[in-house]
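Structure file my_file.txt (compact mmCIF, C-alpha atoms and all ligand atoms) follows.
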# COMPACT_ATOMS: atom_id res chain seq x y z
CA MET A 519 216.99 150.19 -172.29
CA GLY A 520 213.21 150.61 -172.16
CA ILE A 521 211.14 152.59 -174.60
CA GLU A 522 210.82 156.34 -174.20
CA ILE A 523 208.00 158.49 -175.51
CA ARG A 524 208.03 162.21 -176.23
CA GLN A 525 204.65 163.86 -176.86
CA LEU A 526 204.73 165.96 -180.04
CA HIS A 527 201.31 167.68 -179.92
CA SER A 528 199.28 169.14 -177.07
CA VAL A 529 196.58 166.42 -177.18
CA PHE A 530 198.12 163.35 -178.89
CA VAL A 531 201.08 161.87 -180.87
CA GLY A 532 204.05 160.14 -179.25
CA GLU A 533 207.55 159.86 -180.72
CA VAL A 534 208.98 156.54 -179.58
CA SER A 535 212.67 155.79 -179.07
CA GLY A 536 214.66 152.95 -177.53
CA VAL A 537 213.17 150.04 -179.46
CA ASP A 538 214.14 148.13 -182.60
CA ILE A 539 210.81 146.90 -183.94
CA SER A 540 212.43 144.67 -186.56
CA ARG A 541 213.27 142.21 -183.76
CA PRO A 542 210.87 140.06 -181.72
CA LEU A 543 209.50 142.12 -178.82
CA ASP A 544 209.19 140.97 -175.22
CA PRO A 545 205.70 141.09 -173.61
CA GLU A 546 206.52 144.18 -171.51
CA THR A 547 207.53 146.15 -174.60
CA VAL A 548 204.39 145.05 -176.46
CA ARG A 549 202.29 146.15 -173.49
CA ALA A 550 204.09 149.50 -173.29
CA ILE A 551 203.47 150.16 -177.00
CA ASP A 552 199.84 149.06 -176.70
CA ASP A 553 199.33 151.40 -173.72
CA ALA A 554 200.98 154.19 -175.69
CA ILE A 555 198.63 153.62 -178.67
CA ASN A 556 195.66 153.98 -176.31
CA ARG A 557 197.13 157.11 -174.75
CA TYR A 558 198.63 158.96 -177.77
CA SER A 559 196.64 157.52 -180.75
CA ILE A 560 199.64 158.14 -183.05
CA LEU A 561 203.12 156.67 -182.48
CA ILE A 562 206.17 157.53 -184.56
CA PHE A 563 209.23 155.27 -184.74
CA HIS A 564 212.31 156.47 -186.65
CA ASP A 565 215.22 154.63 -188.29
CA GLN A 566 213.55 151.24 -188.58
CA ALA A 567 214.65 148.53 -191.04
CA LEU A 568 211.61 146.47 -192.02
CA ASP A 569 210.85 144.04 -194.81
CA ASP A 570 207.30 142.67 -195.28
CA GLU A 571 207.95 139.69 -193.00
CA ARG A 572 209.26 141.77 -190.10
CA HIS A 573 206.53 144.32 -190.61
CA ILE A 574 203.87 141.58 -190.36
CA ALA A 575 205.55 140.04 -187.31
CA PHE A 576 205.54 143.42 -185.55
CA ALA A 577 201.88 144.05 -186.48
CA ARG A 578 200.74 140.68 -185.14
CA ASN A 579 201.69 141.84 -181.64
CA PHE A 580 198.69 144.19 -181.80
CA GLY A 581 195.97 142.16 -183.50
CA THR A 582 194.95 140.21 -186.58
CA PRO A 583 195.89 141.82 -189.91
CA GLU A 584 193.09 142.47 -192.42
CA VAL A 585 193.39 141.50 -196.08
CA SER A 586 194.37 144.48 -198.24
CA ILE A 587 191.92 145.86 -200.81
CA ASN A 588 194.81 145.48 -203.28
CA SER A 589 193.90 141.81 -203.46
CA ILE A 590 190.98 142.58 -205.77
CA ARG A 591 192.17 145.80 -207.41
CA PRO A 592 193.63 145.64 -210.90
CA GLY A 593 197.08 147.11 -211.55
CA ASN A 594 199.00 145.64 -208.63
CA ARG A 595 202.74 146.06 -208.74
CA SER A 596 203.75 142.64 -207.55
CA SER A 597 202.03 139.42 -206.61
CA ALA A 598 205.00 138.73 -204.31
CA ILE A 599 203.63 141.14 -201.71
CA PRO A 600 201.57 139.23 -199.09
CA ASN A 601 197.83 140.01 -199.28
CA ILE A 602 197.84 141.42 -195.74
CA VAL A 603 200.35 144.09 -196.78
CA SER A 604 198.98 147.16 -198.59
CA ASP A 605 201.31 148.48 -201.27
CA ILE A 606 200.84 152.23 -200.73
CA THR A 607 202.98 153.45 -203.58
CA ASN A 608 202.96 155.67 -206.63
CA LEU A 609 205.29 153.22 -208.43
CA ASP A 610 204.26 150.88 -211.23
CA GLU A 611 205.41 147.35 -212.10
CA ASN A 612 208.75 148.78 -213.31
CA SER A 613 209.26 150.84 -210.14
CA LYS A 614 208.60 154.06 -212.06
CA PRO A 615 206.14 156.72 -210.84
CA ARG A 616 202.69 156.09 -212.32
CA GLY A 617 201.47 158.40 -215.06
CA TRP A 618 199.08 161.32 -214.71
CA THR A 619 196.06 159.30 -215.94
CA ASP A 620 196.96 155.95 -214.35
CA ARG A 621 193.77 154.35 -212.98
CA ARG A 622 195.28 153.19 -209.73
CA ARG A 623 196.80 156.60 -209.06
CA LEU A 624 193.42 158.27 -209.62
CA PHE A 625 191.69 155.71 -207.38
CA SER A 626 194.17 156.48 -204.60
CA LEU A 627 193.80 160.26 -204.72
CA ALA A 628 190.84 159.99 -202.33
CA ASN A 629 193.43 159.21 -199.62
CA ARG A 630 194.15 162.92 -199.67
CA MET A 631 190.71 163.51 -198.11
CA TRP A 632 190.22 162.99 -194.37
CA HIS A 633 189.41 159.34 -193.77
CA THR A 634 189.51 156.44 -191.38
CA ASP A 635 191.06 153.28 -192.84
CA SER A 636 188.55 150.56 -193.70
CA SER A 637 185.53 152.31 -192.16
CA PHE A 638 183.72 150.94 -195.26
CA ARG A 639 184.18 147.36 -194.01
CA PRO A 640 181.74 145.57 -191.67
CA ILE A 641 184.77 144.94 -189.45
CA PRO A 642 186.73 148.19 -189.77
CA ALA A 643 190.39 148.79 -188.99
CA ALA A 644 191.88 149.01 -185.54
CA VAL A 645 195.48 150.23 -185.97
CA SER A 646 197.38 150.96 -189.19
CA MET A 647 201.16 150.59 -189.32
CA LEU A 648 202.68 152.47 -192.25
CA TYR A 649 206.35 152.11 -193.13
CA ALA A 650 208.26 154.51 -195.37
CA ARG A 651 210.58 152.81 -197.88
CA ASP A 652 211.07 155.86 -200.05
CA VAL A 653 209.79 159.42 -199.65
CA PRO A 654 209.88 162.62 -201.72
CA PRO A 655 212.25 165.38 -200.55
CA LYS A 656 210.66 167.13 -197.56
CA GLU A 657 210.24 170.40 -199.44
CA GLU A 658 208.04 168.54 -201.98
CA GLY A 659 205.33 167.80 -199.38
CA GLY A 660 203.69 164.39 -198.98
CA GLU A 661 203.07 164.74 -195.22
CA THR A 662 200.35 162.77 -193.48
CA GLU A 663 198.01 164.77 -191.25
CA PHE A 664 196.18 163.25 -188.30
CA ALA A 665 193.15 164.52 -186.38
CA ASP A 666 192.38 163.55 -182.77
CA LEU A 667 188.68 162.58 -182.69
CA ARG A 668 188.57 161.97 -178.92
CA ALA A 669 189.74 165.53 -178.26
CA ALA A 670 187.28 166.81 -180.88
CA TYR A 671 184.41 164.90 -179.25
CA ASP A 672 185.33 166.30 -175.84
CA ALA A 673 185.22 169.85 -177.25
CA LEU A 674 181.77 169.50 -178.85
CA PRO A 675 178.76 171.10 -177.16
CA ALA A 676 176.87 168.53 -175.04
CA LYS A 677 173.86 168.70 -177.35
CA MET A 678 175.99 167.77 -180.37
CA GLN A 679 177.65 164.95 -178.44
CA ALA A 680 174.22 163.55 -177.55
CA MET A 681 173.03 163.82 -181.15
CA ALA A 682 176.17 162.16 -182.55
CA ARG A 683 175.83 159.28 -180.09
CA GLU A 684 172.39 158.42 -181.47
CA LEU A 685 173.32 158.37 -185.15
CA LEU A 686 174.56 155.85 -187.69
CA ALA A 687 176.36 156.90 -190.87
CA GLU A 688 176.55 154.84 -194.04
CA HIS A 689 180.16 154.30 -195.18
CA SER A 690 181.18 153.27 -198.69
CA LEU A 691 184.54 153.05 -200.45
CA LEU A 692 182.80 153.79 -203.75
CA TYR A 693 181.24 156.94 -202.28
CA SER A 694 184.59 158.36 -201.18
CA ARG A 695 185.99 157.87 -204.70
CA THR A 696 182.97 159.35 -206.49
CA GLN A 697 183.40 162.59 -204.53
CA LEU A 698 186.47 163.25 -206.70
CA GLY A 699 184.69 162.17 -209.87
CA PHE A 700 186.21 158.67 -209.97
CA ASP A 701 183.50 156.16 -210.89
CA ASP A 702 185.36 153.65 -213.06
CA PHE A 703 184.69 150.65 -210.81
CA SER A 704 184.90 147.04 -211.93
CA PRO A 705 181.96 144.69 -211.17
CA GLU A 706 184.26 142.87 -208.71
CA GLU A 707 184.92 146.13 -206.82
CA VAL A 708 181.22 147.04 -206.67
CA ALA A 709 180.38 143.55 -205.37
CA ALA A 710 183.23 143.57 -202.84
CA TRP A 711 182.39 146.87 -201.16
CA PRO A 712 178.70 147.22 -200.30
CA PRO A 713 177.91 150.13 -197.93
CA VAL A 714 177.99 149.52 -194.17
CA ALA A 715 176.60 151.43 -191.19
CA GLN A 716 178.90 152.75 -188.45
CA ARG A 717 178.19 154.79 -185.35
CA VAL A 718 179.03 158.50 -185.62
CA ALA A 719 180.25 158.53 -182.01
CA ARG A 720 181.39 155.56 -180.00
CA ARG A 721 183.59 154.50 -177.14
CA HIS A 722 187.27 153.82 -177.76
CA PRO A 723 187.86 150.34 -176.34
CA GLY A 724 191.45 150.85 -175.18
CA SER A 725 190.85 154.03 -173.18
CA GLY A 726 187.12 154.07 -172.43
CA ARG A 727 186.95 157.60 -173.87
CA ALA A 728 184.18 158.71 -176.23
CA THR A 729 185.22 159.54 -179.79
CA LEU A 730 183.79 160.65 -183.10
CA TYR A 731 184.04 158.25 -186.05
CA LEU A 732 184.05 160.11 -189.35
CA GLY A 733 185.88 160.30 -192.68
CA CYS A 734 185.19 160.59 -196.39
CA HIS A 735 183.78 157.08 -196.73
CA ALA A 736 180.83 158.34 -194.63
CA SER A 737 178.13 159.20 -197.13
CA HIS A 738 175.05 160.16 -195.12
CA ILE A 739 173.16 159.64 -191.88
CA VAL A 740 170.90 156.58 -191.81
CA GLY A 741 167.25 157.68 -191.66
CA TRP A 742 167.92 161.36 -192.46
CA PRO A 743 167.38 163.17 -195.76
CA ILE A 744 170.66 162.80 -197.71
CA PRO A 745 171.59 166.54 -197.84
CA GLU A 746 170.83 167.00 -194.14
CA GLY A 747 173.07 164.09 -193.13
CA ARG A 748 175.82 165.00 -195.55
CA ILE A 749 176.11 168.59 -194.32
CA PHE A 750 175.97 167.38 -190.70
CA LEU A 751 178.94 165.08 -191.38
CA ARG A 752 180.81 167.91 -193.11
CA ASP A 753 180.19 170.24 -190.16
CA LEU A 754 181.51 167.62 -187.74
CA THR A 755 184.55 167.01 -189.95
CA GLU A 756 185.36 170.73 -190.14
CA PHE A 757 185.04 170.99 -186.38
CA ALA A 758 187.27 167.95 -185.78
CA THR A 759 190.04 169.12 -188.11
CA GLN A 760 190.68 172.53 -186.55
CA PRO A 761 194.40 173.14 -185.97
CA GLN A 762 194.23 172.36 -182.25
CA PHE A 763 193.26 168.74 -183.08
CA VAL A 764 195.66 168.19 -186.02
CA TYR A 765 199.26 167.01 -186.29
CA ALA A 766 201.25 166.81 -189.57
CA HIS A 767 203.95 164.15 -189.88
CA SER A 768 206.75 164.91 -192.33
CA TRP A 769 208.15 161.54 -193.42
CA THR A 770 211.75 160.36 -193.38
CA LYS A 771 212.77 157.07 -194.99
CA GLY A 772 212.70 154.36 -192.28
CA ASP A 773 209.81 155.88 -190.30
CA LEU A 774 207.06 153.59 -189.12
CA VAL A 775 203.92 155.34 -187.91
CA ILE A 776 201.11 153.62 -186.04
CA TRP A 777 197.70 155.27 -185.91
CA ASP A 778 194.55 154.19 -184.17
CA ASN A 779 191.69 154.36 -186.68
CA ARG A 780 189.16 153.96 -183.88
CA CYS A 781 189.77 157.51 -182.65
CA THR A 782 191.62 159.45 -185.38
CA MET A 783 191.30 160.47 -189.02
CA HIS A 784 194.15 161.13 -191.42
CA ARG A 785 194.89 162.36 -194.93
CA GLY A 786 197.89 162.46 -197.23
CA ARG A 787 199.05 165.85 -198.50
CA HIS A 788 200.09 166.98 -201.95
CA TYR A 789 203.53 166.17 -203.34
CA ASP A 790 205.11 166.16 -206.78
CA PRO A 791 204.13 162.73 -208.21
CA ALA A 792 207.33 162.59 -210.25
CA TYR A 793 209.12 161.59 -207.02
CA PRO A 794 208.82 158.03 -205.69
CA ARG A 795 206.63 157.76 -202.60
CA ASP A 796 206.75 154.13 -201.57
CA PHE A 797 205.10 152.84 -198.40
CA ARG A 798 203.83 149.53 -197.02
CA ARG A 799 200.99 149.21 -194.55
CA VAL A 800 199.74 146.43 -192.30
CA THR A 801 196.42 147.08 -190.60
CA THR A 802 194.73 145.15 -187.81
CA SER A 803 190.99 144.47 -187.67
CA ASP A 804 188.80 146.06 -185.01
CA ILE A 805 187.10 142.84 -184.03
CA SER A 806 185.44 144.50 -181.02
CA SER A 807 183.55 146.92 -183.29
CA THR A 808 179.77 146.71 -183.43
CA ILE A 809 177.17 149.31 -184.30
CA GLU A 810 175.71 148.70 -180.84
CA GLN A 811 178.96 150.09 -179.38
CA ALA A 812 177.58 153.42 -178.18
CA ALA A 813 179.73 156.25 -176.87
FE FE B 901 194.58 155.84 -195.01
I need this file expressed as structure tokens, please.
Amino acid sequence: MGIEIRQLHSVFVGEVSGVDISRPLDPETVRAIDDAINRYSILIFHDQALDDERHIAFARNFGTPEVSINSIRPGNRSSAIPNIVSDITNLDENSKPRGWTDRRRLFSLANRMWHTDSSFRPIPAAVSMLYARDVPPKEEGGETEFADLRAAYDALPAKMQAMARELLAEHSLLYSRTQLGFDDFSPEEVAAWPPVAQRVARRHPGSGRATLYLGCHASHIVGWPIPEGRIFLRDLTEFATQPQFVYAHSWTKGDLVIWDNRCTMHRGRHYDPAYPRDFRRVTTSDISSTIEQAA
């Protein structure tokens, strides 16, 4: 049986059935999933049984995994997790939810702001593949919201599109954290994450469509006064996250969701941190990305 895809939102998001991604995939299935990523931006697979090894094997079908920022962050749960797997969890070394003032928990709260994974890296992320090992009860929240930045670009006035195409924004992981008042960075973290410039609008390689490229790592517009660039980015973000461009995924244990960071943003939503929320993510690098890559 081949894969089937049901579109869940008017402009993006495909729910995929008919494939067990824990097993090696044939080239036709890989191509069908790749085409679906380019078409839908977000793909949702239910009832999957993945360990880190199978997760990595699946991800390698779609590119080269990047090394997780966990590799230099203090407070990791386990050194047994491969460094290309991000441990997206609220659990500590004893598999208990982290405390209210836990440093790593506070560092991670910025993931509740709209962002694009790894836009702070010189080679940013292509696709993220997030797998749910344990989730809070649905009524406790913890959804992930996604915004379609190709559809948002298409809906912008032509003058704004032209302006966005000309601009570079500076992205910094430290900047996104300081917006919430977190500034307790180690010297290793400061050295590891210098700011980088990214285009504000660019062309999505898999579809040829123009897209915005935003998120809370974006600090300001290169060459503009800081307040002018910052409010411009906020205006674009508000525009791009109107309800007609946004889908909320409510997680069930065993879900794997793929999102294309080259043309979407996402954010986690509030949940009661007393419940375990335990995810693993493998993310491929966007090796085709350059700041010359105009929309
Ligand atoms: Fe993220």
Neighbouring residues of ligand FE 901 (chain B) are defined here as those with any atom at most 7 Å from a ligand atom, counting all atoms listed in the file; list them as a list in words. Asn629, His633, Thr634, Asp635, His784 and Arg785 of chain A
When you draw a straight line from CA of Asp538 (chain A) to CA of Tyr793 (chain A), how long is it in Å? 28.3 Å
If we draw a sphere of 6 Å around (186.4, 161.7, -179.7), which residues have at least one atom in it when counting all atoms listed in the file? Please report them as a PyMOL selection string. chain A and resi 667-671+728-730
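Separating CA of Phe638 (chain A) from CA of Val714 (chain A) is a distance of 6.0 Å.
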If you count all atoms listed in the file, which residues fall within 12 Å of Gln811 (chain A), apart from same-chain ones fewer than 2 positions away, as a ChimeraX atom specification? /A:683-686,716-723,726,728-729,731,780,805-809,813
Quote the spacing between CA of Val775 (chain A) and CA of Gly617 (chain A) in Å to one decimal place. 27.4 Å
Could I get the residues of region 520-592 of chain A with an atom no further than 8 Å from an atom of region 659-666 of chain A, each paired with its nearest atom pair and that distance in Å to one decimal, using all atoms listed in the file, sorted by chain and residue number, as a tab-separated table?
residue	atom	partner	partner_atom	distance
A:Val529	CA	A:Asp666	CA	7.6
A:Phe530	CA	A:Asp666	CA	6.9
A:Ser559	CA	A:Asp666	CA	7.7
Ser803 (chain A) environment, 10 Å, all atoms listed in the file, sequence neighbours closer than 4 positions dropped, as a count of residues only: 16
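For the set A:Val764, A:Ala715, A:Ala628, A:Ile776, the residue with the smallest atom-to-atom gap to Val534 (chain A) is A:Ile776, counting all atoms listed in the file.
Residue nearest Glu707 (chain A) within the list A:Asn588, A:Gln525, A:Thr759, A:Thr547: A:Asn588 [criterion: smallest interatomic distance, all atoms listed in the file].
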For Phe703 (chain A), find every residue with an atom within 12 Å (counting only C-alpha atoms), except residues of its own chain fewer than 2 positions away, and show them as a list in words. Ile590, Arg591, Pro592, Arg621, Arg622, Leu624, Phe625, Leu691, Leu692, Tyr693, Arg695, Thr696, Gly699, Phe700, Asp701, Pro705, Glu706, Glu707, Val708, Ala709, Ala710 and Trp711 of chain A
All file atoms of region 790-803 of chain A boxed axis-aligned, 5 Å per side, centre plus edges, as lines of an AutoDock Vina configuration file:
center_x = 200.1
center_y = 155.3
center_z = -199.0
size_x = 28.1
size_y = 31.7
size_z = 32.6
Using only C-alpha atoms for the distances, tell me which of A:Glu522, A:Glu611, A:Asp620, A:Glu658 is nearest to Trp769 (chain A). A:Glu658
Selection near region 596-605 of chain A, 9 Å with only C-alpha atoms, sequence-local residues under 3 positions removed, as a compact mmCIF listing (two decimals) with C-alpha atoms, in the coordinates of the input:
# COMPACT_ATOMS: atom_id res chain seq x y z
CA ASP A 570 207.30 142.67 -195.28
CA GLU A 571 207.95 139.69 -193.00
CA HIS A 573 206.53 144.32 -190.61
CA ILE A 574 203.87 141.58 -190.36
CA PRO A 583 195.89 141.82 -189.91
CA GLU A 584 193.09 142.47 -192.42
CA VAL A 585 193.39 141.50 -196.08
CA SER A 586 194.37 144.48 -198.24
CA ILE A 587 191.92 145.86 -200.81
CA ASN A 588 194.81 145.48 -203.28
CA SER A 589 193.90 141.81 -203.46
CA GLY A 593 197.08 147.11 -211.55
CA GLU A 611 205.41 147.35 -212.10
CA ASP A 796 206.75 154.13 -201.57
CA PHE A 797 205.10 152.84 -198.40
CA ARG A 798 203.83 149.53 -197.02
CA ARG A 799 200.99 149.21 -194.55
CA VAL A 800 199.74 146.43 -192.30
CA THR A 801 196.42 147.08 -190.60
Supply region 648-670 of chain A as a tab-separated table (two decimals), in the frame of the given file, with N, CA, C and O atoms built in where the input has gaps.
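Output file part.tsv is given in full below:
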chain	number	residue	atom	x	y	z
A	648	LEU	N	202.21	152.06	-190.92
A	648	LEU	CA	202.68	152.47	-192.25
A	648	LEU	C	204.18	152.71	-192.20
A	648	LEU	O	204.67	153.46	-191.35
A	649	TYR	N	204.88	152.06	-193.11
A	649	TYR	CA	206.35	152.11	-193.13
A	649	TYR	C	206.83	152.79	-194.40
A	649	TYR	O	206.38	152.47	-195.51
A	650	ALA	N	207.76	153.73	-194.25
A	650	ALA	CA	208.26	154.51	-195.37
A	650	ALA	C	209.52	153.89	-195.95
A	650	ALA	O	210.58	153.89	-195.30
A	651	ARG	N	209.42	153.35	-197.18
A	651	ARG	CA	210.58	152.81	-197.88
A	651	ARG	C	211.29	153.89	-198.69
A	651	ARG	O	212.49	153.88	-198.84
A	652	ASP	N	210.49	154.77	-199.26
A	652	ASP	CA	211.07	155.86	-200.05
A	652	ASP	C	210.10	157.04	-199.97
A	652	ASP	O	208.88	156.85	-200.02
A	653	VAL	N	210.64	158.23	-199.83
A	653	VAL	CA	209.79	159.42	-199.65
A	653	VAL	C	210.31	160.54	-200.54
A	653	VAL	O	211.51	160.61	-200.84
A	654	PRO	N	209.41	161.45	-200.97
A	654	PRO	CA	209.88	162.62	-201.72
A	654	PRO	C	210.72	163.52	-200.81
A	654	PRO	O	210.63	163.42	-199.59
A	655	PRO	N	211.54	164.40	-201.39
A	655	PRO	CA	212.25	165.38	-200.55
A	655	PRO	C	211.24	166.16	-199.71
A	655	PRO	O	210.13	166.43	-200.17
A	656	LYS	N	211.63	166.51	-198.49
A	656	LYS	CA	210.66	167.13	-197.56
A	656	LYS	C	210.02	168.38	-198.13
A	656	LYS	O	208.84	168.64	-197.89
A	657	GLU	N	210.80	169.15	-198.91
A	657	GLU	CA	210.24	170.40	-199.44
A	657	GLU	C	209.18	170.15	-200.51
A	657	GLU	O	208.48	171.08	-200.92
A	658	GLU	N	209.05	168.88	-200.96
A	658	GLU	CA	208.04	168.54	-201.98
A	658	GLU	C	206.70	168.16	-201.35
A	658	GLU	O	205.74	167.84	-202.07
A	659	GLY	N	206.61	168.11	-200.03
A	659	GLY	CA	205.33	167.80	-199.38
A	659	GLY	C	205.19	166.32	-199.10
A	659	GLY	O	206.16	165.63	-198.82
A	660	GLY	N	203.94	165.81	-199.22
A	660	GLY	CA	203.69	164.39	-198.98
A	660	GLY	C	203.56	164.04	-197.50
A	660	GLY	O	203.66	162.87	-197.13
A	661	GLU	N	203.29	165.04	-196.64
A	661	GLU	CA	203.07	164.74	-195.22
A	661	GLU	C	201.77	163.93	-195.04
A	661	GLU	O	200.93	163.90	-195.94
A	662	THR	N	201.64	163.33	-193.88
A	662	THR	CA	200.35	162.77	-193.48
A	662	THR	C	199.86	163.57	-192.28
A	662	THR	O	200.62	163.78	-191.33
A	663	GLU	N	198.61	164.04	-192.37
A	663	GLU	CA	198.01	164.77	-191.25
A	663	GLU	C	197.06	163.85	-190.49
A	663	GLU	O	196.37	163.02	-191.10
A	664	PHE	N	197.05	164.04	-189.18
A	664	PHE	CA	196.18	163.25	-188.30
A	664	PHE	C	195.30	164.18	-187.48
A	664	PHE	O	195.76	165.25	-187.06
A	665	ALA	N	194.07	163.74	-187.22
A	665	ALA	CA	193.15	164.52	-186.38
A	665	ALA	C	192.71	163.66	-185.19
A	665	ALA	O	192.38	162.48	-185.36
A	666	ASP	N	192.73	164.25	-184.01
A	666	ASP	CA	192.38	163.55	-182.77
A	666	ASP	C	190.87	163.65	-182.54
A	666	ASP	O	190.37	164.70	-182.13
A	667	LEU	N	190.15	162.55	-182.76
A	667	LEU	CA	188.68	162.58	-182.69
A	667	LEU	C	188.15	162.39	-181.27
A	667	LEU	O	186.97	162.63	-181.02
A	668	ARG	N	188.99	161.97	-180.33
A	668	ARG	CA	188.57	161.97	-178.92
A	668	ARG	C	188.59	163.40	-178.40
A	668	ARG	O	187.64	163.84	-177.74
A	669	ALA	N	189.66	164.13	-178.70
A	669	ALA	CA	189.74	165.53	-178.26
A	669	ALA	C	188.63	166.35	-178.92
A	669	ALA	O	188.03	167.23	-178.28
A	670	ALA	N	188.34	166.07	-180.19
A	670	ALA	CA	187.28	166.81	-180.88
A	670	ALA	C	185.93	166.52	-180.24
A	670	ALA	O	185.12	167.43	-180.02
